[in-house]
Structures are given as structure tokens and as C-alpha cells.
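J.: Below you will find the structure I want to go over with you.
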Amino acid sequence: QVQLVESGGGLVQAGGSLRLSCTASRSIFSINNMGWYRQAPGKQRELVAIITRGGITNYADALKGRFTISRDNAKDTVDLQMNSLKPEDTAVYYCYAATPRGGYWGQGTQVTVSS
């Protein structure tokens, strides 16, 4: 089992940047896939980016070039750098960990981008 806590959300103007951080309650070294998802009001939760233990990344096509996911296995953190933010990026952002015993979600952090 692992608990995930997100931080770094907030209100930002369009064109600005935010960095989200996800801290795990235990070592993430053995967790292969970790990632970020988001859910906007009235919409389904969608993939933002995932990163493997070895650092291989995969992004939602629409977010490539603006978002960067990174992982620090020593600090048990997964970060999401978001640049050139748009109002349509407004959502609750969730950290996710895929383990052999199942998937775990954080409680989410709100990101609001004003126009």
C-alpha cells in the first residue's frame, strides 16, 4: 500500500507555470509506473503523463511540449512541471501509482487557470 499526497496547485494566469509535486508514503523505487491524471468539471478523468521506474515517459498528445513529468526515486516524489498554461488546463490533478496490488490515487490538487 502507498499513500500519495499532491501539492503545488493553485490559481495562475494563462501563460503562466505551475509545478505539482506528489510525495509517496514509502519508497517508490519498486513502483514501475507512476503518473498524473486530471479531471475537469463535468468530464472524465484523463491521463496527463506517466513515467516508469527507469524514467521512460508518455504524455497525452495534446500536452506534449508544455508539460514535463519527472521522478526522484531517492526522494519518493513525482513532479509535474506545467508551462504555458491555458484555461482548459483547469482541473483537479491526481497522482497515481500502479503497483502489483493495485492502483493508488492521491486526493488531488486544484489547478485553476484564469484567462
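Letters A, B, ... go to the chains of the C-alpha cells in the order shown; residues in each chain start at 1; ligands are counted from 1 in the same order.
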Tell me which protein, DNA and RNA residues are within 9 Å of segment 84-99 of chain A, counting only C-alpha atoms, leaving out same-chain ones fewer than 3 positions away, and put them as an mmCIF file with all heavy atoms, in the first residue's frame.
T.:
data_model
loop_
_atom_site.group_PDB
_atom_site.id
_atom_site.type_symbol
_atom_site.label_atom_id
_atom_site.label_comp_id
_atom_site.auth_asym_id
_atom_site.auth_seq_id
_atom_site.Cartn_x
_atom_site.Cartn_y
_atom_site.Cartn_z
ATOM 1 N N GLN A 1 0.841 -1.183 0.000
ATOM 2 C CA GLN A 1 0.000 0.000 0.000
ATOM 3 C C GLN A 1 0.880 1.239 0.000
ATOM 4 O O GLN A 1 1.987 1.238 0.542
ATOM 5 C CB GLN A 1 -0.895 -0.001 1.235
ATOM 6 C CG GLN A 1 -1.928 1.117 1.253
ATOM 7 C CD GLN A 1 -2.870 1.005 2.449
ATOM 8 O OE1 GLN A 1 -2.776 0.060 3.253
ATOM 9 N NE2 GLN A 1 -3.778 1.942 2.556
ATOM 10 N N VAL A 2 0.380 2.301 -0.618
ATOM 11 C CA VAL A 2 1.127 3.551 -0.650
ATOM 12 C C VAL A 2 0.131 4.700 -0.605
ATOM 13 O O VAL A 2 -0.919 4.657 -1.238
ATOM 14 C CB VAL A 2 2.025 3.643 -1.904
ATOM 15 C CG1 VAL A 2 1.205 3.526 -3.177
ATOM 16 C CG2 VAL A 2 2.855 4.902 -1.887
ATOM 17 N N LEU A 4 -0.416 8.764 -1.341
ATOM 18 C CA LEU A 4 0.136 9.799 -2.206
ATOM 19 C C LEU A 4 -0.454 11.142 -1.817
ATOM 20 O O LEU A 4 -1.672 11.261 -1.644
ATOM 21 C CB LEU A 4 -0.197 9.484 -3.666
ATOM 22 C CG LEU A 4 0.222 8.103 -4.168
ATOM 23 C CD1 LEU A 4 -0.366 7.833 -5.546
ATOM 24 C CD2 LEU A 4 1.735 7.988 -4.200
ATOM 25 N N VAL A 5 0.387 12.145 -1.705
ATOM 26 C CA VAL A 5 -0.058 13.482 -1.346
ATOM 27 C C VAL A 5 0.441 14.464 -2.390
ATOM 28 O O VAL A 5 1.652 14.599 -2.597
ATOM 29 C CB VAL A 5 0.445 13.888 0.054
ATOM 30 C CG1 VAL A 5 -0.006 15.309 0.373
ATOM 31 C CG2 VAL A 5 -0.061 12.914 1.106
ATOM 32 N N GLU A 6 -0.511 15.143 -3.029
ATOM 33 C CA GLU A 6 -0.155 16.134 -4.041
ATOM 34 C C GLU A 6 -0.051 17.519 -3.413
ATOM 35 O O GLU A 6 -0.724 17.820 -2.430
ATOM 36 C CB GLU A 6 -1.214 16.187 -5.148
ATOM 37 C CG GLU A 6 -1.445 14.888 -5.873
ATOM 38 C CD GLU A 6 -2.623 14.116 -5.351
ATOM 39 O OE1 GLU A 6 -2.979 14.317 -4.165
ATOM 40 O OE2 GLU A 6 -3.211 13.302 -6.100
ATOM 41 N N GLY A 9 -0.730 22.972 -6.370
ATOM 42 C CA GLY A 9 -1.797 23.548 -7.167
ATOM 43 C C GLY A 9 -2.097 24.977 -6.759
ATOM 44 O O GLY A 9 -1.566 25.486 -5.770
ATOM 45 N N VAL A 12 -3.472 30.491 -11.404
ATOM 46 C CA VAL A 12 -2.433 31.095 -12.223
ATOM 47 C C VAL A 12 -3.086 31.693 -13.470
ATOM 48 O O VAL A 12 -4.128 31.212 -13.927
ATOM 49 C CB VAL A 12 -1.370 30.046 -12.608
ATOM 50 C CG1 VAL A 12 -1.957 28.938 -13.463
ATOM 51 C CG2 VAL A 12 -0.165 30.682 -13.274
ATOM 52 N N GLN A 13 -2.486 32.732 -13.996
ATOM 53 C CA GLN A 13 -2.992 33.337 -15.226
ATOM 54 C C GLN A 13 -2.566 32.511 -16.435
ATOM 55 O O GLN A 13 -1.535 31.821 -16.403
ATOM 56 C CB GLN A 13 -2.482 34.761 -15.362
ATOM 57 C CG GLN A 13 -3.116 35.733 -14.378
ATOM 58 C CD GLN A 13 -2.717 37.167 -14.670
ATOM 59 O OE1 GLN A 13 -1.661 37.428 -15.225
ATOM 60 N NE2 GLN A 13 -3.578 38.104 -14.280
ATOM 61 N N ALA A 14 -3.340 32.621 -17.482
ATOM 62 C CA ALA A 14 -2.997 31.947 -18.723
ATOM 63 C C ALA A 14 -1.589 32.356 -19.166
ATOM 64 O O ALA A 14 -1.220 33.532 -19.079
ATOM 65 C CB ALA A 14 -4.008 32.287 -19.803
ATOM 66 N N GLY A 15 -0.827 31.369 -19.611
ATOM 67 C CA GLY A 15 0.553 31.601 -19.995
ATOM 68 C C GLY A 15 1.554 31.365 -18.878
ATOM 69 O O GLY A 15 2.760 31.304 -19.135
ATOM 70 N N GLY A 16 1.051 31.216 -17.676
ATOM 71 C CA GLY A 16 1.927 31.005 -16.526
ATOM 72 C C GLY A 16 2.319 29.555 -16.349
ATOM 73 O O GLY A 16 1.986 28.690 -17.174
ATOM 74 N N SER A 17 3.035 29.297 -15.251
ATOM 75 C CA SER A 17 3.548 27.965 -14.967
ATOM 76 C C SER A 17 3.215 27.559 -13.541
ATOM 77 O O SER A 17 3.060 28.416 -12.653
ATOM 78 C CB SER A 17 5.070 27.922 -15.152
ATOM 79 O OG SER A 17 5.439 28.214 -16.474
ATOM 80 N N LEU A 18 3.115 26.264 -13.348
ATOM 81 C CA LEU A 18 2.979 25.683 -12.021
ATOM 82 C C LEU A 18 3.767 24.384 -11.987
ATOM 83 O O LEU A 18 3.909 23.709 -13.024
ATOM 84 C CB LEU A 18 1.512 25.374 -11.689
ATOM 85 C CG LEU A 18 0.609 26.495 -11.187
ATOM 86 C CD1 LEU A 18 -0.817 25.977 -10.999
ATOM 87 C CD2 LEU A 18 1.122 27.095 -9.897
ATOM 88 N N LEU A 20 3.646 20.850 -9.892
ATOM 89 C CA LEU A 20 2.970 19.982 -8.936
ATOM 90 C C LEU A 20 3.949 18.930 -8.428
ATOM 91 O O LEU A 20 4.833 18.480 -9.175
ATOM 92 C CB LEU A 20 1.772 19.284 -9.585
ATOM 93 C CG LEU A 20 0.737 20.181 -10.258
ATOM 94 C CD1 LEU A 20 -0.420 19.321 -10.793
ATOM 95 C CD2 LEU A 20 0.226 21.244 -9.312
ATOM 96 N N SER A 21 3.764 18.550 -7.179
ATOM 97 C CA SER A 21 4.609 17.519 -6.601
ATOM 98 C C SER A 21 3.738 16.464 -5.929
ATOM 99 O O SER A 21 2.720 16.795 -5.318
ATOM 100 C CB SER A 21 5.579 18.127 -5.589
ATOM 101 O OG SER A 21 6.492 17.158 -5.132
ATOM 102 N N CYS A 22 4.150 15.232 -6.052
ATOM 103 C CA CYS A 22 3.468 14.105 -5.421
ATOM 104 C C CYS A 22 4.485 13.390 -4.531
ATOM 105 O O CYS A 22 5.534 12.954 -5.025
ATOM 106 C CB CYS A 22 2.934 13.161 -6.486
ATOM 107 S SG CYS A 22 2.275 11.596 -5.857
ATOM 108 N N THR A 23 4.164 13.306 -3.250
ATOM 109 C CA THR A 23 5.052 12.641 -2.301
ATOM 110 C C THR A 23 4.413 11.347 -1.829
ATOM 111 O O THR A 23 3.249 11.344 -1.394
ATOM 112 C CB THR A 23 5.329 13.552 -1.103
ATOM 113 O OG1 THR A 23 5.924 14.770 -1.564
ATOM 114 C CG2 THR A 23 6.298 12.876 -0.136
ATOM 115 N N ILE A 28 9.260 4.547 -3.650
ATOM 116 C CA ILE A 28 8.639 4.309 -4.956
ATOM 117 C C ILE A 28 9.573 3.564 -5.892
ATOM 118 O O ILE A 28 9.253 3.342 -7.052
ATOM 119 C CB ILE A 28 8.178 5.624 -5.618
ATOM 120 C CG1 ILE A 28 9.371 6.520 -5.956
ATOM 121 C CG2 ILE A 28 7.166 6.352 -4.736
ATOM 122 C CD1 ILE A 28 9.020 7.718 -6.823
ATOM 123 N N SER A 30 10.334 0.548 -6.231
ATOM 124 C CA SER A 30 9.800 -0.695 -6.797
ATOM 125 C C SER A 30 8.514 -0.490 -7.598
ATOM 126 O O SER A 30 8.005 -1.439 -8.196
ATOM 127 C CB SER A 30 9.532 -1.703 -5.674
ATOM 128 O OG SER A 30 8.542 -1.208 -4.800
ATOM 129 N N ILE A 31 8.004 0.725 -7.612
ATOM 130 C CA ILE A 31 6.764 1.011 -8.343
ATOM 131 C C ILE A 31 7.130 1.370 -9.773
ATOM 132 O O ILE A 31 7.791 2.383 -10.011
ATOM 133 C CB ILE A 31 5.975 2.149 -7.691
ATOM 134 C CG1 ILE A 31 5.594 1.781 -6.264
ATOM 135 C CG2 ILE A 31 4.716 2.455 -8.510
ATOM 136 C CD1 ILE A 31 4.888 2.890 -5.502
ATOM 137 N N ASN A 32 6.698 0.548 -10.716
ATOM 138 C CA ASN A 32 7.111 0.780 -12.090
ATOM 139 C C ASN A 32 6.492 2.051 -12.660
ATOM 140 O O ASN A 32 7.182 2.987 -13.033
ATOM 141 C CB ASN A 32 6.772 -0.408 -12.960
ATOM 142 C CG ASN A 32 7.426 -0.307 -14.328
ATOM 143 O OD1 ASN A 32 8.516 0.265 -14.472
ATOM 144 N ND2 ASN A 32 6.786 -0.858 -15.336
ATOM 145 N N ASN A 33 5.179 2.091 -12.721
ATOM 146 C CA ASN A 33 4.508 3.232 -13.353
ATOM 147 C C ASN A 33 3.897 4.168 -12.327
ATOM 148 O O ASN A 33 3.098 3.766 -11.484
ATOM 149 C CB ASN A 33 3.407 2.747 -14.290
ATOM 150 C CG ASN A 33 3.959 2.085 -15.530
ATOM 151 O OD1 ASN A 33 5.132 2.221 -15.841
ATOM 152 N ND2 ASN A 33 3.116 1.351 -16.222
ATOM 153 N N MET A 34 4.247 5.427 -12.438
ATOM 154 C CA MET A 34 3.594 6.486 -11.672
ATOM 155 C C MET A 34 3.212 7.584 -12.646
ATOM 156 O O MET A 34 3.828 7.736 -13.698
ATOM 157 C CB MET A 34 4.511 7.024 -10.582
ATOM 158 C CG MET A 34 4.856 5.977 -9.537
ATOM 159 S SD MET A 34 5.533 6.668 -8.026
ATOM 160 C CE MET A 34 4.109 7.554 -7.360
ATOM 161 N N GLY A 35 2.179 8.327 -12.271
ATOM 162 C CA GLY A 35 1.752 9.340 -13.222
ATOM 163 C C GLY A 35 0.818 10.368 -12.652
ATOM 164 O O GLY A 35 0.549 10.398 -11.448
ATOM 165 N N TRP A 36 0.387 11.235 -13.548
ATOM 166 C CA TRP A 36 -0.561 12.285 -13.229
ATOM 167 C C TRP A 36 -1.767 12.168 -14.152
ATOM 168 O O TRP A 36 -1.617 11.934 -15.357
ATOM 169 C CB TRP A 36 0.076 13.663 -13.406
ATOM 170 C CG TRP A 36 1.077 14.006 -12.355
ATOM 171 C CD1 TRP A 36 2.418 13.782 -12.378
ATOM 172 C CD2 TRP A 36 0.802 14.649 -11.103
ATOM 173 N NE1 TRP A 36 3.001 14.233 -11.226
ATOM 174 C CE2 TRP A 36 2.027 14.784 -10.424
ATOM 175 C CE3 TRP A 36 -0.351 15.142 -10.491
ATOM 176 C CZ2 TRP A 36 2.143 15.374 -9.170
ATOM 177 C CZ3 TRP A 36 -0.247 15.732 -9.240
ATOM 178 C CH2 TRP A 36 0.980 15.835 -8.592
ATOM 179 N N TYR A 37 -2.950 12.343 -13.569
ATOM 180 C CA TYR A 37 -4.199 12.409 -14.291
ATOM 181 C C TYR A 37 -4.895 13.707 -13.888
ATOM 182 O O TYR A 37 -4.532 14.325 -12.892
ATOM 183 C CB TYR A 37 -5.094 11.221 -13.954
ATOM 184 C CG TYR A 37 -4.639 9.907 -14.531
ATOM 185 C CD1 TYR A 37 -3.508 9.256 -14.035
ATOM 186 C CD2 TYR A 37 -5.324 9.310 -15.578
ATOM 187 C CE1 TYR A 37 -3.077 8.050 -14.561
ATOM 188 C CE2 TYR A 37 -4.914 8.095 -16.114
ATOM 189 C CZ TYR A 37 -3.788 7.480 -15.596
ATOM 190 O OH TYR A 37 -3.381 6.286 -16.138
ATOM 191 N N ARG A 38 -5.901 14.080 -14.658
ATOM 192 C CA ARG A 38 -6.668 15.258 -14.279
ATOM 193 C C ARG A 38 -8.141 15.058 -14.606
ATOM 194 O O ARG A 38 -8.488 14.277 -15.490
ATOM 195 C CB ARG A 38 -6.138 16.513 -14.984
ATOM 196 C CG ARG A 38 -6.356 16.543 -16.491
ATOM 197 C CD ARG A 38 -5.695 17.783 -17.081
ATOM 198 N NE ARG A 38 -5.982 17.905 -18.508
ATOM 199 C CZ ARG A 38 -5.470 18.867 -19.276
ATOM 200 N NH1 ARG A 38 -4.648 19.783 -18.764
ATOM 201 N NH2 ARG A 38 -5.784 18.921 -20.558
ATOM 202 N N GLN A 39 -8.962 15.798 -13.890
ATOM 203 C CA GLN A 39 -10.397 15.724 -14.120
ATOM 204 C C GLN A 39 -10.979 17.125 -14.036
ATOM 205 O O GLN A 39 -10.923 17.780 -12.987
ATOM 206 C CB GLN A 39 -11.076 14.814 -13.098
ATOM 207 C CG GLN A 39 -12.545 14.558 -13.390
ATOM 208 C CD GLN A 39 -13.107 13.419 -12.567
ATOM 209 O OE1 GLN A 39 -12.528 12.978 -11.574
ATOM 210 N NE2 GLN A 39 -14.243 12.895 -12.996
ATOM 211 N N ALA A 40 -11.511 17.569 -15.162
ATOM 212 C CA ALA A 40 -12.165 18.869 -15.226
ATOM 213 C C ALA A 40 -13.645 18.707 -14.865
ATOM 214 O O ALA A 40 -14.193 17.608 -14.999
ATOM 215 C CB ALA A 40 -12.019 19.457 -16.622
ATOM 216 N N PRO A 41 -14.293 19.777 -14.446
ATOM 217 C CA PRO A 41 -15.713 19.684 -14.083
ATOM 218 C C PRO A 41 -16.557 19.132 -15.219
ATOM 219 O O PRO A 41 -16.440 19.598 -16.364
ATOM 220 C CB PRO A 41 -16.087 21.136 -13.771
ATOM 221 C CG PRO A 41 -14.808 21.771 -13.364
ATOM 222 C CD PRO A 41 -13.741 21.111 -14.195
ATOM 223 N N VAL A 48 -2.605 12.535 -17.975
ATOM 224 C CA VAL A 48 -1.735 13.668 -18.302
ATOM 225 C C VAL A 48 -0.375 13.133 -18.735
ATOM 226 O O VAL A 48 0.092 13.411 -19.833
ATOM 227 C CB VAL A 48 -1.586 14.606 -17.092
ATOM 228 C CG1 VAL A 48 -0.563 15.692 -17.392
ATOM 229 C CG2 VAL A 48 -2.931 15.218 -16.717
ATOM 230 N N ILE A 50 2.696 9.733 -17.672
ATOM 231 C CA ILE A 50 3.181 8.661 -16.828
ATOM 232 C C ILE A 50 4.688 8.550 -16.986
ATOM 233 O O ILE A 50 5.246 8.991 -18.001
ATOM 234 C CB ILE A 50 2.512 7.302 -17.138
ATOM 235 C CG1 ILE A 50 2.729 6.903 -18.602
ATOM 236 C CG2 ILE A 50 1.042 7.337 -16.786
ATOM 237 C CD1 ILE A 50 2.223 5.516 -18.926
ATOM 238 N N ARG A 66 4.406 21.044 -23.414
ATOM 239 C CA ARG A 66 4.072 22.019 -22.367
ATOM 240 C C ARG A 66 4.259 21.444 -20.958
ATOM 241 O O ARG A 66 4.603 22.171 -20.027
ATOM 242 C CB ARG A 66 2.629 22.493 -22.506
ATOM 243 C CG ARG A 66 2.356 23.307 -23.762
ATOM 244 C CD ARG A 66 1.046 24.070 -23.645
ATOM 245 N NE ARG A 66 -0.103 23.185 -23.489
ATOM 246 C CZ ARG A 66 -0.956 23.239 -22.470
ATOM 247 N NH1 ARG A 66 -0.782 24.118 -21.495
ATOM 248 N NH2 ARG A 66 -1.992 22.412 -22.420
ATOM 249 N N PHE A 67 4.012 20.158 -20.821
ATOM 250 C CA PHE A 67 4.104 19.507 -19.512
ATOM 251 C C PHE A 67 5.309 18.572 -19.484
ATOM 252 O O PHE A 67 5.602 17.916 -20.488
ATOM 253 C CB PHE A 67 2.842 18.703 -19.225
ATOM 254 C CG PHE A 67 1.616 19.531 -18.918
ATOM 255 C CD1 PHE A 67 1.542 20.878 -19.241
ATOM 256 C CD2 PHE A 67 0.520 18.943 -18.315
ATOM 257 C CE1 PHE A 67 0.412 21.630 -18.964
ATOM 258 C CE2 PHE A 67 -0.629 19.671 -18.019
ATOM 259 C CZ PHE A 67 -0.669 21.015 -18.347
ATOM 260 N N VAL A 78 7.190 12.453 -7.387
ATOM 261 C CA VAL A 78 6.934 12.571 -8.818
ATOM 262 C C VAL A 78 6.401 13.975 -9.047
ATOM 263 O O VAL A 78 5.414 14.373 -8.434
ATOM 264 C CB VAL A 78 5.921 11.542 -9.317
ATOM 265 C CG1 VAL A 78 5.651 11.734 -10.807
ATOM 266 C CG2 VAL A 78 6.423 10.126 -9.053
ATOM 267 N N GLY A 102 -2.433 -3.247 -6.986
ATOM 268 C CA GLY A 102 -3.498 -2.351 -7.429
ATOM 269 C C GLY A 102 -3.021 -0.935 -7.586
ATOM 270 O O GLY A 102 -1.871 -0.612 -7.329
ATOM 271 N N GLY A 103 -3.957 -0.075 -8.034
ATOM 272 C CA GLY A 103 -3.630 1.323 -8.251
ATOM 273 C C GLY A 103 -4.004 2.169 -7.050
ATOM 274 O O GLY A 103 -4.974 1.892 -6.357
ATOM 275 N N TYR A 104 -3.210 3.212 -6.830
ATOM 276 C CA TYR A 104 -3.458 4.115 -5.707
ATOM 277 C C TYR A 104 -3.509 5.545 -6.217
ATOM 278 O O TYR A 104 -2.722 5.928 -7.097
ATOM 279 C CB TYR A 104 -2.369 3.971 -4.643
ATOM 280 C CG TYR A 104 -2.357 2.612 -3.996
ATOM 281 C CD1 TYR A 104 -1.598 1.570 -4.522
ATOM 282 C CD2 TYR A 104 -3.131 2.366 -2.867
ATOM 283 C CE1 TYR A 104 -1.606 0.324 -3.935
ATOM 284 C CE2 TYR A 104 -3.137 1.109 -2.265
ATOM 285 C CZ TYR A 104 -2.377 0.102 -2.812
ATOM 286 O OH TYR A 104 -2.397 -1.152 -2.226
ATOM 287 N N TRP A 105 -4.428 6.315 -5.643
ATOM 288 C CA TRP A 105 -4.624 7.703 -6.037
ATOM 289 C C TRP A 105 -4.381 8.637 -4.859
ATOM 290 O O TRP A 105 -4.662 8.293 -3.712
ATOM 291 C CB TRP A 105 -6.066 7.912 -6.514
ATOM 292 C CG TRP A 105 -6.438 7.165 -7.735
ATOM 293 C CD1 TRP A 105 -7.020 5.932 -7.822
ATOM 294 C CD2 TRP A 105 -6.260 7.621 -9.091
ATOM 295 N NE1 TRP A 105 -7.206 5.586 -9.136
ATOM 296 C CE2 TRP A 105 -6.765 6.602 -9.939
ATOM 297 C CE3 TRP A 105 -5.739 8.769 -9.679
ATOM 298 C CZ2 TRP A 105 -6.752 6.706 -11.325
ATOM 299 C CZ3 TRP A 105 -5.729 8.868 -11.049
ATOM 300 C CH2 TRP A 105 -6.237 7.847 -11.858
ATOM 301 N N GLY A 106 -3.891 9.813 -5.169
ATOM 302 C CA GLY A 106 -3.847 10.868 -4.182
ATOM 303 C C GLY A 106 -5.202 11.542 -4.090
ATOM 304 O O GLY A 106 -6.142 11.195 -4.814
ATOM 305 N N GLN A 107 -5.297 12.538 -3.214
ATOM 306 C CA GLN A 107 -6.569 13.218 -3.004
ATOM 307 C C GLN A 107 -6.823 14.311 -4.034
ATOM 308 O O GLN A 107 -7.941 14.809 -4.154
ATOM 309 C CB GLN A 107 -6.622 13.825 -1.595
ATOM 310 C CG GLN A 107 -5.958 15.184 -1.433
ATOM 311 C CD GLN A 107 -4.437 15.128 -1.480
ATOM 312 O OE1 GLN A 107 -3.837 14.059 -1.460
ATOM 313 N NE2 GLN A 107 -3.806 16.304 -1.517
ATOM 314 N N GLY A 108 -5.812 14.667 -4.772
ATOM 315 C CA GLY A 108 -5.948 15.664 -5.827
ATOM 316 C C GLY A 108 -5.575 17.060 -5.378
ATOM 317 O O GLY A 108 -5.668 17.400 -4.193
ATOM 318 N N THR A 109 -5.160 17.859 -6.336
ATOM 319 C CA THR A 109 -4.865 19.270 -6.084
ATOM 320 C C THR A 109 -5.476 20.102 -7.207
ATOM 321 O O THR A 109 -5.383 19.737 -8.381
ATOM 322 C CB THR A 109 -3.347 19.513 -5.962
ATOM 323 O OG1 THR A 109 -3.099 20.869 -5.576
ATOM 324 C CG2 THR A 109 -2.595 19.214 -7.256
ATOM 325 N N GLN A 110 -6.118 21.193 -6.830
ATOM 326 C CA GLN A 110 -6.837 22.010 -7.809
ATOM 327 C C GLN A 110 -5.881 22.945 -8.541
ATOM 328 O O GLN A 110 -5.070 23.642 -7.914
ATOM 329 C CB GLN A 110 -7.915 22.839 -7.110
ATOM 330 C CG GLN A 110 -8.670 23.793 -8.008
ATOM 331 C CD GLN A 110 -9.591 23.084 -8.989
ATOM 332 O OE1 GLN A 110 -10.329 22.173 -8.603
ATOM 333 N NE2 GLN A 110 -9.548 23.490 -10.261
ATOM 334 N N VAL A 111 -6.005 22.958 -9.848
ATOM 335 C CA VAL A 111 -5.289 23.917 -10.687
ATOM 336 C C VAL A 111 -6.339 24.735 -11.435
ATOM 337 O O VAL A 111 -7.196 24.168 -12.118
ATOM 338 C CB VAL A 111 -4.356 23.216 -11.682
ATOM 339 C CG1 VAL A 111 -3.787 24.222 -12.683
ATOM 340 C CG2 VAL A 111 -3.234 22.503 -10.944
ATOM 341 N N THR A 112 -6.266 26.039 -11.285
ATOM 342 C CA THR A 112 -7.201 26.930 -11.955
ATOM 343 C C THR A 112 -6.415 27.938 -12.776
ATOM 344 O O THR A 112 -5.546 28.631 -12.237
ATOM 345 C CB THR A 112 -8.101 27.661 -10.949
ATOM 346 O OG1 THR A 112 -8.809 26.712 -10.153
ATOM 347 C CG2 THR A 112 -9.113 28.547 -11.678
ATOM 348 N N VAL A 113 -6.713 27.985 -14.066
ATOM 349 C CA VAL A 113 -6.023 28.901 -14.970
ATOM 350 C C VAL A 113 -7.023 29.950 -15.434
ATOM 351 O O VAL A 113 -8.031 29.625 -16.066
ATOM 352 C CB VAL A 113 -5.430 28.155 -16.170
ATOM 353 C CG1 VAL A 113 -4.631 29.129 -17.039
ATOM 354 C CG2 VAL A 113 -4.544 27.000 -15.702
ATOM 355 N N SER A 114 -6.738 31.200 -15.118
ATOM 356 C CA SER A 114 -7.647 32.281 -15.488
ATOM 357 C C SER A 114 -7.229 32.883 -16.824
ATOM 358 O O SER A 114 -6.050 32.934 -17.167
ATOM 359 C CB SER A 114 -7.649 33.362 -14.412
ATOM 360 O OG SER A 114 -6.371 33.946 -14.299
ATOM 361 N N SER A 115 -8.214 33.361 -17.570
ATOM 362 C CA SER A 115 -7.932 33.930 -18.898
ATOM 363 C C SER A 115 -7.658 35.421 -18.818
ATOM 364 O O SER A 115 -7.835 36.056 -17.796
ATOM 365 C CB SER A 115 -9.124 33.673 -19.819
ATOM 366 O OG SER A 115 -10.301 34.212 -19.264
#
J.: Among chain A, which ones does DSSP assign to strand (DSSP E) (computed from the backbone)? Answer as a ChimeraX atom specification.
T.: /A:4-7,10-13,18-24,33-39,46-51,57-59,67-72,77-82,91-99,102-105,109-114
J.: Write out as an MDAnalysis selection string the set of residues from chain A that DSSP, computed on the backbone, places in helix (DSSP H, G or I).
T.: chainID A and resid 61:63 87:89
J.: Could you save those same residues with N, CA and C atoms as a short mmCIF file (atom, residue, chain, number, x, y, z; two decimals), in the first residue's frame?
T.:
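Output below, filename out-v3.cif:
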data_model
loop_
_atom_site.label_atom_id
_atom_site.label_comp_id
_atom_site.auth_asym_id
_atom_site.auth_seq_id
_atom_site.Cartn_x
_atom_site.Cartn_y
_atom_site.Cartn_z
N ASP A 61 -1.25 13.42 -25.95
CA ASP A 61 -0.76 14.10 -27.16
C ASP A 61 -0.93 15.61 -27.08
N ALA A 62 -2.04 16.06 -26.55
CA ALA A 62 -2.33 17.50 -26.54
C ALA A 62 -1.44 18.26 -25.57
N LEU A 63 -0.74 17.55 -24.69
CA LEU A 63 0.06 18.22 -23.67
C LEU A 63 1.55 18.14 -23.93
N PRO A 87 -6.58 28.14 -19.99
CA PRO A 87 -7.80 27.96 -19.18
C PRO A 87 -8.34 26.53 -19.23
N GLU A 88 -8.17 25.86 -20.36
CA GLU A 88 -8.67 24.49 -20.47
C GLU A 88 -7.84 23.48 -19.68
N ASP A 89 -6.74 23.92 -19.10
CA ASP A 89 -5.98 23.06 -18.20
C ASP A 89 -6.56 23.05 -16.79
#
J.: Check the smallest atom-to-atom distance from each of A:Leu80, A:Ser7, A:Ala74, A:Lys64 to Ile51 of chain A using only C-alpha atoms, then report the winner.
T.: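 Closest to Ile51 of chain A, using only C-alpha atoms: A:Leu80.
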J.: Please compute the atom CA of Gly10 of chain A-atom CA of Thr57 of chain A distance, one decimal, in Å.
T.: 24.8 Å
